[in-house]
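Visitor: First the structure, then my questions, so here it is.
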Amino acid sequence: MQRNLTPFARKVRQFRRLAKEVGRLLDSGRFHRLAEDKQRSLVSKLRTLYRKLSRIFPTRQLRGAMGAASLVLGLGMSQQVQAQNFGPAQATPFNFTNTTEFNLPTFADIDDDGDLDLLSTGYIYGASDYLTLRFYQNVGTSAVADFQAPVELPYGISDLNIFTPSFVDIDDDGDLDAFLPQAGYGNFLFRENTGTAAVPAFAPVPETNPFGLVPVAYFPIASFVDLDNDGDLDLFATEFYGTAKYFENTGTASAPAFAAPVSNPFGVVPPAYAIVRTFDFSDVDLDGDQDMIYYDLNGDYDNSAVFYSENTGTASAPAFAAGLQAPSGIFFNGGYLSQPAFADIDGDGDEDLFFGTYMTYGGLVYFENLGVPNSLPITTDAEVTTGENVPYSFAAGDFPFDDADIDDMLEGIRIASLPGLGSLTFDGNPAVENLEIPIAEIDKLIYTSLPNEFGDNYDSFGFQVFDGVGFSAAPAVMTIDVQENVGTTENSLNVKAMLSPNPATESVQLALSFREMPGELTFSVVDALGKVQKSWTQQVGQTEFQTTLNVADLSPGMYLLHLRAGDRLTTLRFVKN
């Protein structure tokens, strides 16, 4: 049967209209210049619509409607998808000294001292133009990088015209080996590290196209990454005009063997006009697979740009979506050849983004990874019930909490407005507006009605929930119902009741005599603070009814037993020894 979606048509229109608005703001760069509260408002509205519609429509269909907005808002095929945010561009960071016309960087702890060093190939103009390899040792720390002046052709590596160097442990022996793709020839030169992790010593004579590799055309941009999640490093490369080549490692982590290259795999679409496509991989949306950031160098240079291609497949079966321009606030045009490179340069557990670029732009540009922007929590109106003259101590579960950030939990509340009749106290003192209460102390928040008063919707106060970073944007209302306390000989429920023994230790015998059959009867055992300890519902189809209440698991003290049938109530008191 086809599902009738007509009632949701209005929300679908709202969703599409808002997604387009956010997409236009992102494409123009205006979203990141909005005030923070405006950004959060747009995010919250779009997330709310997305969550409601995802119960009805396939998430893939919704993602199609999201367009560019899906990256910044972190909405994806899985609820665990979250978008990371990057800070503004910083040129020549960490004392970087530029000495070449352009840089093609990679990061590796080449000296095994716990921080990331920078190795880059750059173009030297002179009597004999050439590409050379330069080593910028990090003499800072894993958290605060400090790059020394570069050393040309380090560790005895003498190869020139290298395009994008890679330093990876290709043979799984604990040290970093060197892969050096040759510009113009397209060969992959390999120099095994025959030294140690701390003191590299690369083979004096390179091997050409080892492990079954074959050349690629002209300008080889290469990266080693485990794209099929099988525990060994595969090779992904692009050549002249941006054609992609995938060399699957069909060997092992210690004995690589690369299969014949596959052109433009996993849905990758080569650029229509770009001369060169540079790239790097990282789990940008935190969904457990490798996404791609790439830079297309076009012939007119001015239209060169950064793109994000999400892996919409899995960690073992990639599928790259069409590129979105200027993702996560990365607005960058290197003006010439630029190479993206991910590296956790500040040791905070996420990967920052660098671009090696043209000398005019400083040679190296840095975008700090600011992590996942916090989404404000969401709450809704709530209701609790207490007894007449019985103070109510609140619990965490009384305050509804929802948050798009899957790891966030209820960390506290804030009193937005005070009750109008009874009193609200925290830790024995009168509560005040804007009082913030950590969730670990929420039981110290106590409401007390006026003496001998009761009623449904008796009182209320406003509250907001806190996720550890921010409070919910709009206050919700906590409604307090106060039930009339009825003695054991009264029969507002048209029932005569007897509890025995009272006080009790293990169990209580309850005998009820109704004037008419009550039908569905709800039993609630409430402690002296108004917390419901037990609650159950039972059909009673006779006027005489007996049952046994197990009270062995209750703490010693005074309890109320509420008996409710529809809007009629009787309350009995008993003591547990």
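Ordering of the structure tokens sets the chain letters (A, B, ...); residue numbers start at 1 within each chain; ligands are numbered from 1 in the order shown.
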Just the strand (DSSP E or B) stuff from stretch 100-279 of chain A, please, per backbone DSSP, written as a PyMOL selection string.

Guide: chain A and resi 102-108+117-124+130-136+138+147+151-152+162+166-168+177-182+188-191+193+202+207-208+221-225+234-238+244-247+249+258+262-263+274-279

Visitor: Could you give me, as a Markdown table, every stretch 368-396 of chain A residue with an atom at most 10 Å from stretch 280-291 of chain A, plus its closest atom pair and distance in Å to one decimal, counting only C-alpha atoms, rows ordered by chain then number?

Guide:
```
| residue | atom | partner | partner_atom | distance |
| --- | --- | --- | --- | --- |
| A:Asn369 | CA | A:Val284 | CA | 9.9 |
| A:Gly371 | CA | A:Val284 | CA | 9.8 |
| A:Val372 | CA | A:Asp285 | CA | 9.0 |
```

Visitor: When you look at stretch 134-146 of chain A with a cut-off of 7 Å (counting only C-alpha atoms), what residues show up, excluding the ones that are within fewer than 5 positions of it in the same chain? I need them as a list in words.

Guide: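 Contacts, with the query itself left out: Phe94, Asn95, Gly114, Asp115, Leu116, Asp117, Leu118, Leu119, Ser120, Thr121, Val151, Glu152, Leu153, Pro154, Ile345, Asp346 and Gly347 of chain A.
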
Visitor: Go ahead and save the picked residues with all heavy atoms, as a short mmCIF file (atom, residue, chain, number, x, y, z; two decimals), in the first residue's frame.

Guide:
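Full text of again.cif as output:
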```cif
data_model
loop_
_atom_site.label_atom_id
_atom_site.label_comp_id
_atom_site.auth_asym_id
_atom_site.auth_seq_id
_atom_site.Cartn_x
_atom_site.Cartn_y
_atom_site.Cartn_z
N PHE A 94 53.61 28.47 12.09
CA PHE A 94 54.61 27.71 12.85
C PHE A 94 56.04 28.02 12.39
O PHE A 94 56.88 27.13 12.28
CB PHE A 94 54.32 26.21 12.77
CG PHE A 94 52.89 25.85 13.07
CD1 PHE A 94 52.08 25.28 12.11
CD2 PHE A 94 52.34 26.14 14.31
CE1 PHE A 94 50.76 24.96 12.37
CE2 PHE A 94 51.01 25.83 14.59
CZ PHE A 94 50.22 25.24 13.61
N ASN A 95 56.29 29.29 12.09
CA ASN A 95 57.61 29.77 11.67
C ASN A 95 58.08 29.17 10.36
O ASN A 95 59.29 29.11 10.08
CB ASN A 95 58.66 29.50 12.77
CG ASN A 95 58.38 30.30 14.02
OD1 ASN A 95 57.96 31.45 13.96
ND2 ASN A 95 58.58 29.67 15.18
N GLY A 114 57.94 12.12 18.24
CA GLY A 114 56.60 12.35 18.77
C GLY A 114 55.87 13.53 18.19
O GLY A 114 54.72 13.78 18.58
N ASP A 115 56.48 14.28 17.27
CA ASP A 115 55.77 15.37 16.61
C ASP A 115 55.91 15.21 15.10
O ASP A 115 56.72 14.43 14.60
CB ASP A 115 56.29 16.74 17.07
CG ASP A 115 57.80 16.89 16.90
OD1 ASP A 115 58.34 16.45 15.87
OD2 ASP A 115 58.44 17.43 17.83
N LEU A 116 55.09 15.95 14.37
CA LEU A 116 55.07 15.83 12.92
C LEU A 116 56.02 16.82 12.27
O LEU A 116 55.96 18.02 12.54
CB LEU A 116 53.65 16.04 12.39
CG LEU A 116 52.64 14.95 12.74
CD1 LEU A 116 51.23 15.36 12.27
CD2 LEU A 116 53.02 13.62 12.11
N ASP A 117 56.89 16.30 11.41
CA ASP A 117 57.78 17.14 10.61
C ASP A 117 57.13 17.39 9.25
O ASP A 117 56.18 16.72 8.85
CB ASP A 117 59.13 16.44 10.44
CG ASP A 117 59.72 16.02 11.78
OD1 ASP A 117 60.04 16.90 12.57
OD2 ASP A 117 59.84 14.80 12.01
N LEU A 118 57.67 18.37 8.55
CA LEU A 118 57.15 18.74 7.24
C LEU A 118 58.20 18.43 6.18
O LEU A 118 59.36 18.82 6.31
CB LEU A 118 56.81 20.23 7.21
CG LEU A 118 56.50 20.88 5.85
CD1 LEU A 118 55.27 20.23 5.22
CD2 LEU A 118 56.29 22.38 6.01
N LEU A 119 57.77 17.71 5.15
CA LEU A 119 58.62 17.46 3.98
C LEU A 119 57.85 17.94 2.76
O LEU A 119 56.67 17.64 2.60
CB LEU A 119 58.98 15.98 3.86
CG LEU A 119 59.79 15.44 5.05
CD1 LEU A 119 58.94 14.55 5.92
CD2 LEU A 119 61.05 14.71 4.57
N SER A 120 58.51 18.69 1.93
CA SER A 120 57.82 19.31 0.81
C SER A 120 58.72 19.37 -0.40
O SER A 120 59.93 19.61 -0.29
CB SER A 120 57.37 20.73 1.19
OG SER A 120 56.73 21.37 0.10
N THR A 121 58.13 19.15 -1.55
CA THR A 121 58.84 19.42 -2.79
C THR A 121 58.43 20.79 -3.29
O THR A 121 57.27 21.20 -3.14
CB THR A 121 58.55 18.36 -3.87
OG1 THR A 121 57.15 18.25 -4.04
CG2 THR A 121 59.12 17.02 -3.46
N VAL A 151 66.06 22.04 5.12
CA VAL A 151 67.27 21.37 4.65
C VAL A 151 66.93 20.72 3.32
O VAL A 151 65.98 19.96 3.21
CB VAL A 151 67.74 20.30 5.66
CG1 VAL A 151 68.92 19.53 5.10
CG2 VAL A 151 68.08 20.94 7.00
N GLU A 152 67.73 21.04 2.29
CA GLU A 152 67.46 20.50 0.97
C GLU A 152 68.03 19.10 0.84
O GLU A 152 69.11 18.79 1.33
CB GLU A 152 68.05 21.41 -0.11
CG GLU A 152 67.62 21.02 -1.53
CD GLU A 152 68.07 22.04 -2.56
OE1 GLU A 152 68.60 23.11 -2.17
OE2 GLU A 152 67.87 21.79 -3.76
N LEU A 153 67.25 18.20 0.20
CA LEU A 153 67.64 16.82 -0.07
C LEU A 153 68.16 16.14 1.21
O LEU A 153 69.33 15.76 1.31
CB LEU A 153 68.69 16.76 -1.18
CG LEU A 153 68.25 17.32 -2.54
CD1 LEU A 153 69.39 17.31 -3.52
CD2 LEU A 153 67.05 16.53 -3.08
N PRO A 154 67.29 15.95 2.19
CA PRO A 154 67.71 15.39 3.48
C PRO A 154 67.96 13.90 3.40
O PRO A 154 67.50 13.21 2.48
CB PRO A 154 66.50 15.69 4.37
CG PRO A 154 65.34 15.61 3.42
CD PRO A 154 65.84 16.21 2.13
N ILE A 345 48.44 18.56 13.62
CA ILE A 345 49.65 19.29 13.96
C ILE A 345 49.65 19.79 15.39
O ILE A 345 50.72 20.06 15.96
CB ILE A 345 49.84 20.48 12.98
CG1 ILE A 345 51.29 20.98 12.99
CG2 ILE A 345 48.85 21.60 13.30
CD1 ILE A 345 52.28 19.97 12.48
N ASP A 346 48.46 19.90 16.02
CA ASP A 346 48.39 20.40 17.39
C ASP A 346 48.07 19.32 18.41
O ASP A 346 47.81 19.62 19.58
CB ASP A 346 47.39 21.55 17.51
CG ASP A 346 46.04 21.21 16.90
OD1 ASP A 346 45.80 20.02 16.59
OD2 ASP A 346 45.22 22.12 16.74
N GLY A 347 48.08 18.06 17.99
CA GLY A 347 47.94 16.95 18.91
C GLY A 347 46.64 16.90 19.68
O GLY A 347 46.60 16.35 20.79
#
```

Visitor: For A:Pro200, please output as number ranges by chain all residues within 8 Å (counting only C-alpha atoms; exclusion window: fewer than 4 positions along the same chain).

Guide: A: 110-111, 155, 175-176, 193-196

Visitor: Print the selection's residues with all heavy atoms to a file, as a PDB file, in the first residue's frame.

Guide:
```pdb
ATOM      1  N   ILE A 110      59.350  11.943  10.902  1.00  0.00           N
ATOM      2  CA  ILE A 110      60.475  11.291  10.243  1.00  0.00           C
ATOM      3  C   ILE A 110      61.602  10.956  11.204  1.00  0.00           C
ATOM      4  O   ILE A 110      62.405  10.051  10.949  1.00  0.00           O
ATOM      5  CB  ILE A 110      60.986  12.174   9.073  1.00  0.00           C
ATOM      6  CG1 ILE A 110      61.862  11.379   8.108  1.00  0.00           C
ATOM      7  CG2 ILE A 110      61.692  13.404   9.598  1.00  0.00           C
ATOM      8  CD1 ILE A 110      61.107  10.356   7.306  1.00  0.00           C
ATOM      9  N   ASP A 111      61.669  11.663  12.333  1.00  0.00           N
ATOM     10  CA  ASP A 111      62.736  11.408  13.302  1.00  0.00           C
ATOM     11  C   ASP A 111      62.219  10.741  14.573  1.00  0.00           C
ATOM     12  O   ASP A 111      62.939  10.621  15.565  1.00  0.00           O
ATOM     13  CB  ASP A 111      63.478  12.700  13.655  1.00  0.00           C
ATOM     14  CG  ASP A 111      62.533  13.824  14.048  1.00  0.00           C
ATOM     15  OD1 ASP A 111      61.317  13.555  14.201  1.00  0.00           O
ATOM     16  OD2 ASP A 111      62.999  14.965  14.191  1.00  0.00           O
ATOM     17  N   TYR A 155      68.690  13.402   4.379  1.00  0.00           N
ATOM     18  CA  TYR A 155      68.913  11.963   4.579  1.00  0.00           C
ATOM     19  C   TYR A 155      69.470  11.278   3.338  1.00  0.00           C
ATOM     20  O   TYR A 155      69.202  10.104   3.075  1.00  0.00           O
ATOM     21  CB  TYR A 155      67.605  11.284   5.008  1.00  0.00           C
ATOM     22  CG  TYR A 155      67.055  11.825   6.296  1.00  0.00           C
ATOM     23  CD1 TYR A 155      65.891  12.594   6.296  1.00  0.00           C
ATOM     24  CD2 TYR A 155      67.689  11.593   7.503  1.00  0.00           C
ATOM     25  CE1 TYR A 155      65.376  13.111   7.474  1.00  0.00           C
ATOM     26  CE2 TYR A 155      67.173  12.103   8.699  1.00  0.00           C
ATOM     27  CZ  TYR A 155      66.018  12.865   8.680  1.00  0.00           C
ATOM     28  OH  TYR A 155      65.511  13.366   9.843  1.00  0.00           O
ATOM     29  N   ASP A 175      59.538   1.613  10.616  1.00  0.00           N
ATOM     30  CA  ASP A 175      60.126   2.885  10.200  1.00  0.00           C
ATOM     31  C   ASP A 175      59.478   3.355   8.906  1.00  0.00           C
ATOM     32  O   ASP A 175      58.736   2.616   8.257  1.00  0.00           O
ATOM     33  CB  ASP A 175      61.651   2.775  10.049  1.00  0.00           C
ATOM     34  CG  ASP A 175      62.068   1.648   9.106  1.00  0.00           C
ATOM     35  OD1 ASP A 175      61.398   1.442   8.069  1.00  0.00           O
ATOM     36  OD2 ASP A 175      63.066   0.966   9.403  1.00  0.00           O
ATOM     37  N   LEU A 176      59.736   4.611   8.536  1.00  0.00           N
ATOM     38  CA  LEU A 176      59.088   5.212   7.376  1.00  0.00           C
ATOM     39  C   LEU A 176      59.976   5.104   6.146  1.00  0.00           C
ATOM     40  O   LEU A 176      61.136   5.531   6.160  1.00  0.00           O
ATOM     41  CB  LEU A 176      58.766   6.683   7.660  1.00  0.00           C
ATOM     42  CG  LEU A 176      57.819   6.941   8.833  1.00  0.00           C
ATOM     43  CD1 LEU A 176      57.596   8.439   9.010  1.00  0.00           C
ATOM     44  CD2 LEU A 176      56.488   6.232   8.624  1.00  0.00           C
ATOM     45  N   ASN A 193      63.799   2.479   3.882  1.00  0.00           N
ATOM     46  CA  ASN A 193      64.518   2.948   5.068  1.00  0.00           C
ATOM     47  C   ASN A 193      65.256   1.754   5.677  1.00  0.00           C
ATOM     48  O   ASN A 193      64.642   0.868   6.269  1.00  0.00           O
ATOM     49  CB  ASN A 193      63.532   3.543   6.079  1.00  0.00           C
ATOM     50  CG  ASN A 193      64.234   4.185   7.264  1.00  0.00           C
ATOM     51  OD1 ASN A 193      65.434   4.044   7.452  1.00  0.00           O
ATOM     52  ND2 ASN A 193      63.453   4.884   8.070  1.00  0.00           N
ATOM     53  N   THR A 194      66.553   1.777   5.519  1.00  0.00           N
ATOM     54  CA  THR A 194      67.366   0.689   6.069  1.00  0.00           C
ATOM     55  C   THR A 194      67.957   1.061   7.431  1.00  0.00           C
ATOM     56  O   THR A 194      68.713   0.277   8.003  1.00  0.00           O
ATOM     57  CB  THR A 194      68.504   0.338   5.094  1.00  0.00           C
ATOM     58  OG1 THR A 194      69.297   1.509   4.848  1.00  0.00           O
ATOM     59  CG2 THR A 194      67.938  -0.178   3.784  1.00  0.00           C
ATOM     60  N   GLY A 195      67.605   2.265   7.906  1.00  0.00           N
ATOM     61  CA  GLY A 195      68.063   2.677   9.227  1.00  0.00           C
ATOM     62  C   GLY A 195      67.035   2.317  10.279  1.00  0.00           C
ATOM     63  O   GLY A 195      66.523   1.187  10.327  1.00  0.00           O
ATOM     64  N   THR A 196      66.675   3.293  11.097  1.00  0.00           N
ATOM     65  CA  THR A 196      65.688   3.077  12.153  1.00  0.00           C
ATOM     66  C   THR A 196      64.616   4.153  12.064  1.00  0.00           C
ATOM     67  O   THR A 196      64.710   5.087  11.256  1.00  0.00           O
ATOM     68  CB  THR A 196      66.349   3.149  13.545  1.00  0.00           C
ATOM     69  OG1 THR A 196      66.827   4.484  13.770  1.00  0.00           O
ATOM     70  CG2 THR A 196      67.515   2.165  13.641  1.00  0.00           C
TER      71      THR A 196
END
```

Visitor: Atom CA of A:Ser263 to atom CA of A:Gly242: how many Å, to one decimal?

Guide: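 Separating atom CA of A:Ser263 from atom CA of A:Gly242 is a distance of 10.6 Å.
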
Visitor: Measuring between only C-alpha atoms, which one of A:Asp381, A:Glu516, A:Asp344, A:Asp527 shows the shortest distance to A:Ala474?

Guide: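 Closest to A:Ala474, using only C-alpha atoms: A:Asp381.
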
Visitor: Of the candidates A:Leu364, A:Pro93, A:Asp226, A:Thr386, which one gets nearest to A:Ala317 if we count only C-alpha atoms?

Guide: A:Asp226

Visitor: What is the distance between atom CA of A:Thr505 and atom CA of A:Asn577, in Å to one decimal?

Guide: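 Spanning atom CA of A:Thr505 to atom CA of A:Asn577 is a straight-line distance of 5.4 Å.
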
Visitor: Between A:Ser507, A:Ser375, A:Asn85, A:Thr243, which is the closest to A:Phe471 once you count only C-alpha atoms?

Guide: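 Among the listed residues, the smallest separation from A:Phe471 belongs to A:Ser375.
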
Visitor: Near A:Gln538, within 9 Å and counting only C-alpha atoms, which residues show up once chain neighbours fewer than 2 positions away are dropped, as a PDB file with N, CA, C and O atoms, in the first residue's frame?

Guide:
```pdb
ATOM      1  N   GLY A 519     -13.106  -1.363  36.733  1.00  0.00           N
ATOM      2  CA  GLY A 519     -12.452  -1.541  35.431  1.00  0.00           C
ATOM      3  C   GLY A 519     -10.943  -1.449  35.575  1.00  0.00           C
ATOM      4  O   GLY A 519     -10.339  -2.138  36.400  1.00  0.00           O
ATOM      5  N   GLU A 520     -10.322  -0.588  34.800  1.00  0.00           N
ATOM      6  CA  GLU A 520      -8.868  -0.455  34.857  1.00  0.00           C
ATOM      7  C   GLU A 520      -8.474   0.353  36.092  1.00  0.00           C
ATOM      8  O   GLU A 520      -8.902   1.487  36.266  1.00  0.00           O
ATOM      9  N   LEU A 521      -7.622  -0.255  36.916  1.00  0.00           N
ATOM     10  CA  LEU A 521      -7.200   0.365  38.165  1.00  0.00           C
ATOM     11  C   LEU A 521      -5.685   0.522  38.145  1.00  0.00           C
ATOM     12  O   LEU A 521      -4.958  -0.437  37.862  1.00  0.00           O
ATOM     13  N   THR A 522      -5.212   1.756  38.411  1.00  0.00           N
ATOM     14  CA  THR A 522      -3.775   2.046  38.428  1.00  0.00           C
ATOM     15  C   THR A 522      -3.298   2.153  39.867  1.00  0.00           C
ATOM     16  O   THR A 522      -3.886   2.880  40.681  1.00  0.00           O
ATOM     17  N   PHE A 523      -2.222   1.404  40.174  1.00  0.00           N
ATOM     18  CA  PHE A 523      -1.620   1.405  41.504  1.00  0.00           C
ATOM     19  C   PHE A 523      -0.289   2.149  41.418  1.00  0.00           C
ATOM     20  O   PHE A 523       0.507   1.897  40.510  1.00  0.00           O
ATOM     21  N   TRP A 536       1.762   0.159  38.418  1.00  0.00           N
ATOM     22  CA  TRP A 536       1.274  -0.859  37.503  1.00  0.00           C
ATOM     23  C   TRP A 536      -0.236  -0.670  37.326  1.00  0.00           C
ATOM     24  O   TRP A 536      -0.897   0.005  38.114  1.00  0.00           O
ATOM     25  N   VAL A 540      -9.743  -4.803  36.992  1.00  0.00           N
ATOM     26  CA  VAL A 540     -10.482  -5.345  38.137  1.00  0.00           C
ATOM     27  C   VAL A 540     -11.946  -5.487  37.717  1.00  0.00           C
ATOM     28  O   VAL A 540     -12.657  -4.487  37.539  1.00  0.00           O
TER      29      VAL A 540
END
```

Visitor: Find the residues near A:Ser524: any atom within 8 Å, counting only C-alpha atoms, skip ones fewer than 6 places away on the same chain, and give them as a ChimeraX atom specification.

Guide: /A:532-536,560-563

Visitor: Write to file, as a compact mmCIF listing (two decimals), in the first residue's frame, the residues of the selection just made, with all heavy atoms.

Guide:
```txt
# COMPACT_ATOMS: atom_id res chain seq x y z
N VAL A 532 7.72 8.23 42.45
CA VAL A 532 7.00 6.97 42.24
C VAL A 532 8.01 5.83 42.27
O VAL A 532 8.93 5.77 41.45
CB VAL A 532 6.23 7.00 40.92
CG1 VAL A 532 5.56 5.65 40.66
CG2 VAL A 532 5.19 8.11 40.93
N GLN A 533 7.83 4.90 43.21
CA GLN A 533 8.73 3.76 43.34
C GLN A 533 8.23 2.53 42.58
O GLN A 533 9.02 1.75 42.07
CB GLN A 533 8.90 3.40 44.82
CG GLN A 533 9.50 4.51 45.66
CD GLN A 533 10.94 4.80 45.25
OE1 GLN A 533 11.69 3.91 44.83
NE2 GLN A 533 11.35 6.06 45.36
N LYS A 534 6.92 2.35 42.52
CA LYS A 534 6.31 1.25 41.78
C LYS A 534 5.03 1.76 41.14
O LYS A 534 4.34 2.62 41.71
CB LYS A 534 5.95 0.08 42.71
CG LYS A 534 7.10 -0.62 43.42
CD LYS A 534 6.57 -1.66 44.41
CE LYS A 534 7.68 -2.39 45.14
NZ LYS A 534 8.38 -3.34 44.27
N SER A 535 4.71 1.25 39.98
CA SER A 535 3.46 1.64 39.33
C SER A 535 3.05 0.54 38.38
O SER A 535 3.88 -0.01 37.64
CB SER A 535 3.63 2.96 38.58
OG SER A 535 2.42 3.35 37.99
N TRP A 536 1.76 0.16 38.42
CA TRP A 536 1.27 -0.86 37.50
C TRP A 536 -0.24 -0.67 37.33
O TRP A 536 -0.90 0.01 38.11
CB TRP A 536 1.60 -2.26 38.00
CG TRP A 536 0.86 -2.69 39.25
CD1 TRP A 536 -0.26 -3.47 39.33
CD2 TRP A 536 1.20 -2.37 40.60
NE1 TRP A 536 -0.64 -3.63 40.62
CE2 TRP A 536 0.24 -2.98 41.44
CE3 TRP A 536 2.22 -1.61 41.19
CZ2 TRP A 536 0.28 -2.86 42.81
CZ3 TRP A 536 2.26 -1.50 42.55
CH2 TRP A 536 1.30 -2.12 43.37
N LEU A 560 2.89 6.33 50.29
CA LEU A 560 1.51 6.50 49.88
C LEU A 560 1.21 5.50 48.77
O LEU A 560 2.03 5.31 47.85
CB LEU A 560 1.26 7.91 49.36
CG LEU A 560 1.55 9.06 50.32
CD1 LEU A 560 1.30 10.39 49.62
CD2 LEU A 560 0.73 8.95 51.59
N LEU A 561 0.04 4.86 48.86
CA LEU A 561 -0.42 3.98 47.79
C LEU A 561 -1.61 4.66 47.13
O LEU A 561 -2.68 4.80 47.74
CB LEU A 561 -0.83 2.61 48.35
CG LEU A 561 -1.46 1.66 47.34
CD1 LEU A 561 -0.49 1.33 46.20
CD2 LEU A 561 -1.95 0.38 48.01
N HIS A 562 -1.41 5.13 45.90
CA HIS A 562 -2.48 5.77 45.14
C HIS A 562 -3.23 4.71 44.35
O HIS A 562 -2.62 3.90 43.64
CB HIS A 562 -1.91 6.80 44.16
CG HIS A 562 -1.21 7.94 44.82
ND1 HIS A 562 -1.72 8.59 45.92
CD2 HIS A 562 -0.03 8.57 44.52
CE1 HIS A 562 -0.89 9.57 46.28
NE2 HIS A 562 0.15 9.56 45.44
N LEU A 563 -4.55 4.73 44.43
CA LEU A 563 -5.43 3.89 43.62
C LEU A 563 -6.25 4.81 42.75
O LEU A 563 -7.01 5.65 43.27
CB LEU A 563 -6.35 3.04 44.50
CG LEU A 563 -5.70 2.21 45.61
CD1 LEU A 563 -6.76 1.48 46.42
CD2 LEU A 563 -4.69 1.23 45.02
```

Visitor: Looking at A:Ser417, A:Ser338, A:Ser309, A:Asn98, which one is nearest to A:Gln325, with distances taken over only C-alpha atoms?

Guide: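 Between A:Ser417, A:Ser338, A:Ser309, A:Asn98, the residue approaching A:Gln325 most closely is A:Ser309.
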
Visitor: Given only C-alpha atoms as the basis, pick out the residue of A:Leu410, A:Val384, A:Ala35, A:Ala149 nearest to A:Ile437.

Guide: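 Of all the options, A:Leu410 lies closest to A:Ile437.
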
Visitor: Could you give me the residues within stretch 364-565 of chain A that DSSP places in helix (DSSP H, G or I), as a list of chain:residue names?

Guide: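 Listing helix (DSSP H, G or I) positions across stretch 364-565 of chain A yields A:Ala396, A:Gly397, A:Asp398, A:Ile439, A:Ala440, A:Glu441, A:Ile442, A:Asp443, A:Lys444.
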
Visitor: How many Å lie between atom CA of A:Thr425 and atom CA of A:Thr448, rounded to one decimal?

Guide: 8.4 Å

Visitor: When distances are computed from only C-alpha atoms, which of A:Val225, A:Leu337, A:Leu46, A:Ala259 shows the smallest separation from A:Asn103?

Guide: A:Leu337

Visitor: Hey, what's within 12 Å of A:Gly212 if we count only C-alpha atoms and toss same-chain stuff fewer than 3 positions away? As a list in words, please?

Guide: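 Skipping anything fewer than 3 positions along the chain leaves Asn187, Phe188, Glu207, Thr208, Asn209, Pro215, Leu235, Phe247, Glu248, Asn249, Thr250, Gly251, Ala255, Pro256, Ala257, Phe258, Ala259, Ala260 and Pro261 of chain A.
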
Visitor: Store the residues of this selection in a file with N, CA and C atoms, as a short mmCIF file (atom, residue, chain, number, x, y, z; two decimals), in the first residue's frame.

Guide:
```
data_model
loop_
_atom_site.label_atom_id
_atom_site.label_comp_id
_atom_site.auth_asym_id
_atom_site.auth_seq_id
_atom_site.Cartn_x
_atom_site.Cartn_y
_atom_site.Cartn_z
N ASN A 187 57.03 7.96 -12.99
CA ASN A 187 57.50 6.78 -12.27
C ASN A 187 57.36 6.98 -10.76
N PHE A 188 57.32 5.87 -10.05
CA PHE A 188 57.33 5.87 -8.59
C PHE A 188 58.68 5.34 -8.13
N GLU A 207 64.57 2.10 -6.14
CA GLU A 207 63.90 1.16 -7.03
C GLU A 207 62.83 1.93 -7.81
N THR A 208 62.65 1.57 -9.05
CA THR A 208 61.66 2.23 -9.89
C THR A 208 60.44 1.34 -10.05
N ASN A 209 59.27 1.90 -9.71
CA ASN A 209 57.99 1.20 -9.84
C ASN A 209 58.01 -0.19 -9.19
N PRO A 215 53.87 3.39 -14.16
CA PRO A 215 53.89 4.86 -14.20
C PRO A 215 52.52 5.46 -14.49
N LEU A 235 47.34 2.64 -3.00
CA LEU A 235 47.86 3.86 -3.60
C LEU A 235 46.79 4.49 -4.47
N PHE A 247 45.48 1.99 -7.24
CA PHE A 247 46.28 0.77 -7.20
C PHE A 247 45.93 0.03 -5.90
N GLU A 248 45.13 -1.01 -5.99
CA GLU A 248 44.79 -1.78 -4.79
C GLU A 248 45.98 -2.62 -4.35
N ASN A 249 46.24 -2.60 -3.06
CA ASN A 249 47.28 -3.46 -2.50
C ASN A 249 46.66 -4.83 -2.24
N THR A 250 46.98 -5.78 -3.11
CA THR A 250 46.44 -7.14 -2.96
C THR A 250 47.39 -8.03 -2.18
N GLY A 251 48.48 -7.43 -1.70
CA GLY A 251 49.40 -8.18 -0.86
C GLY A 251 49.02 -8.05 0.60
N ALA A 255 54.14 -7.10 2.96
CA ALA A 255 54.61 -7.52 1.63
C ALA A 255 53.63 -6.99 0.59
N PRO A 256 53.73 -5.69 0.24
CA PRO A 256 52.76 -5.10 -0.68
C PRO A 256 52.86 -5.68 -2.08
N ALA A 257 51.74 -5.72 -2.76
CA ALA A 257 51.68 -6.13 -4.17
C ALA A 257 50.51 -5.36 -4.77
N PHE A 258 50.80 -4.44 -5.67
CA PHE A 258 49.77 -3.56 -6.19
C PHE A 258 49.19 -4.11 -7.50
N ALA A 259 47.86 -4.12 -7.56
CA ALA A 259 47.17 -4.57 -8.76
C ALA A 259 47.27 -3.50 -9.85
N ALA A 260 46.90 -3.89 -11.06
CA ALA A 260 46.87 -2.93 -12.16
C ALA A 260 45.93 -1.78 -11.82
N PRO A 261 46.27 -0.57 -12.21
CA PRO A 261 45.45 0.58 -11.80
C PRO A 261 44.06 0.58 -12.44
#
```
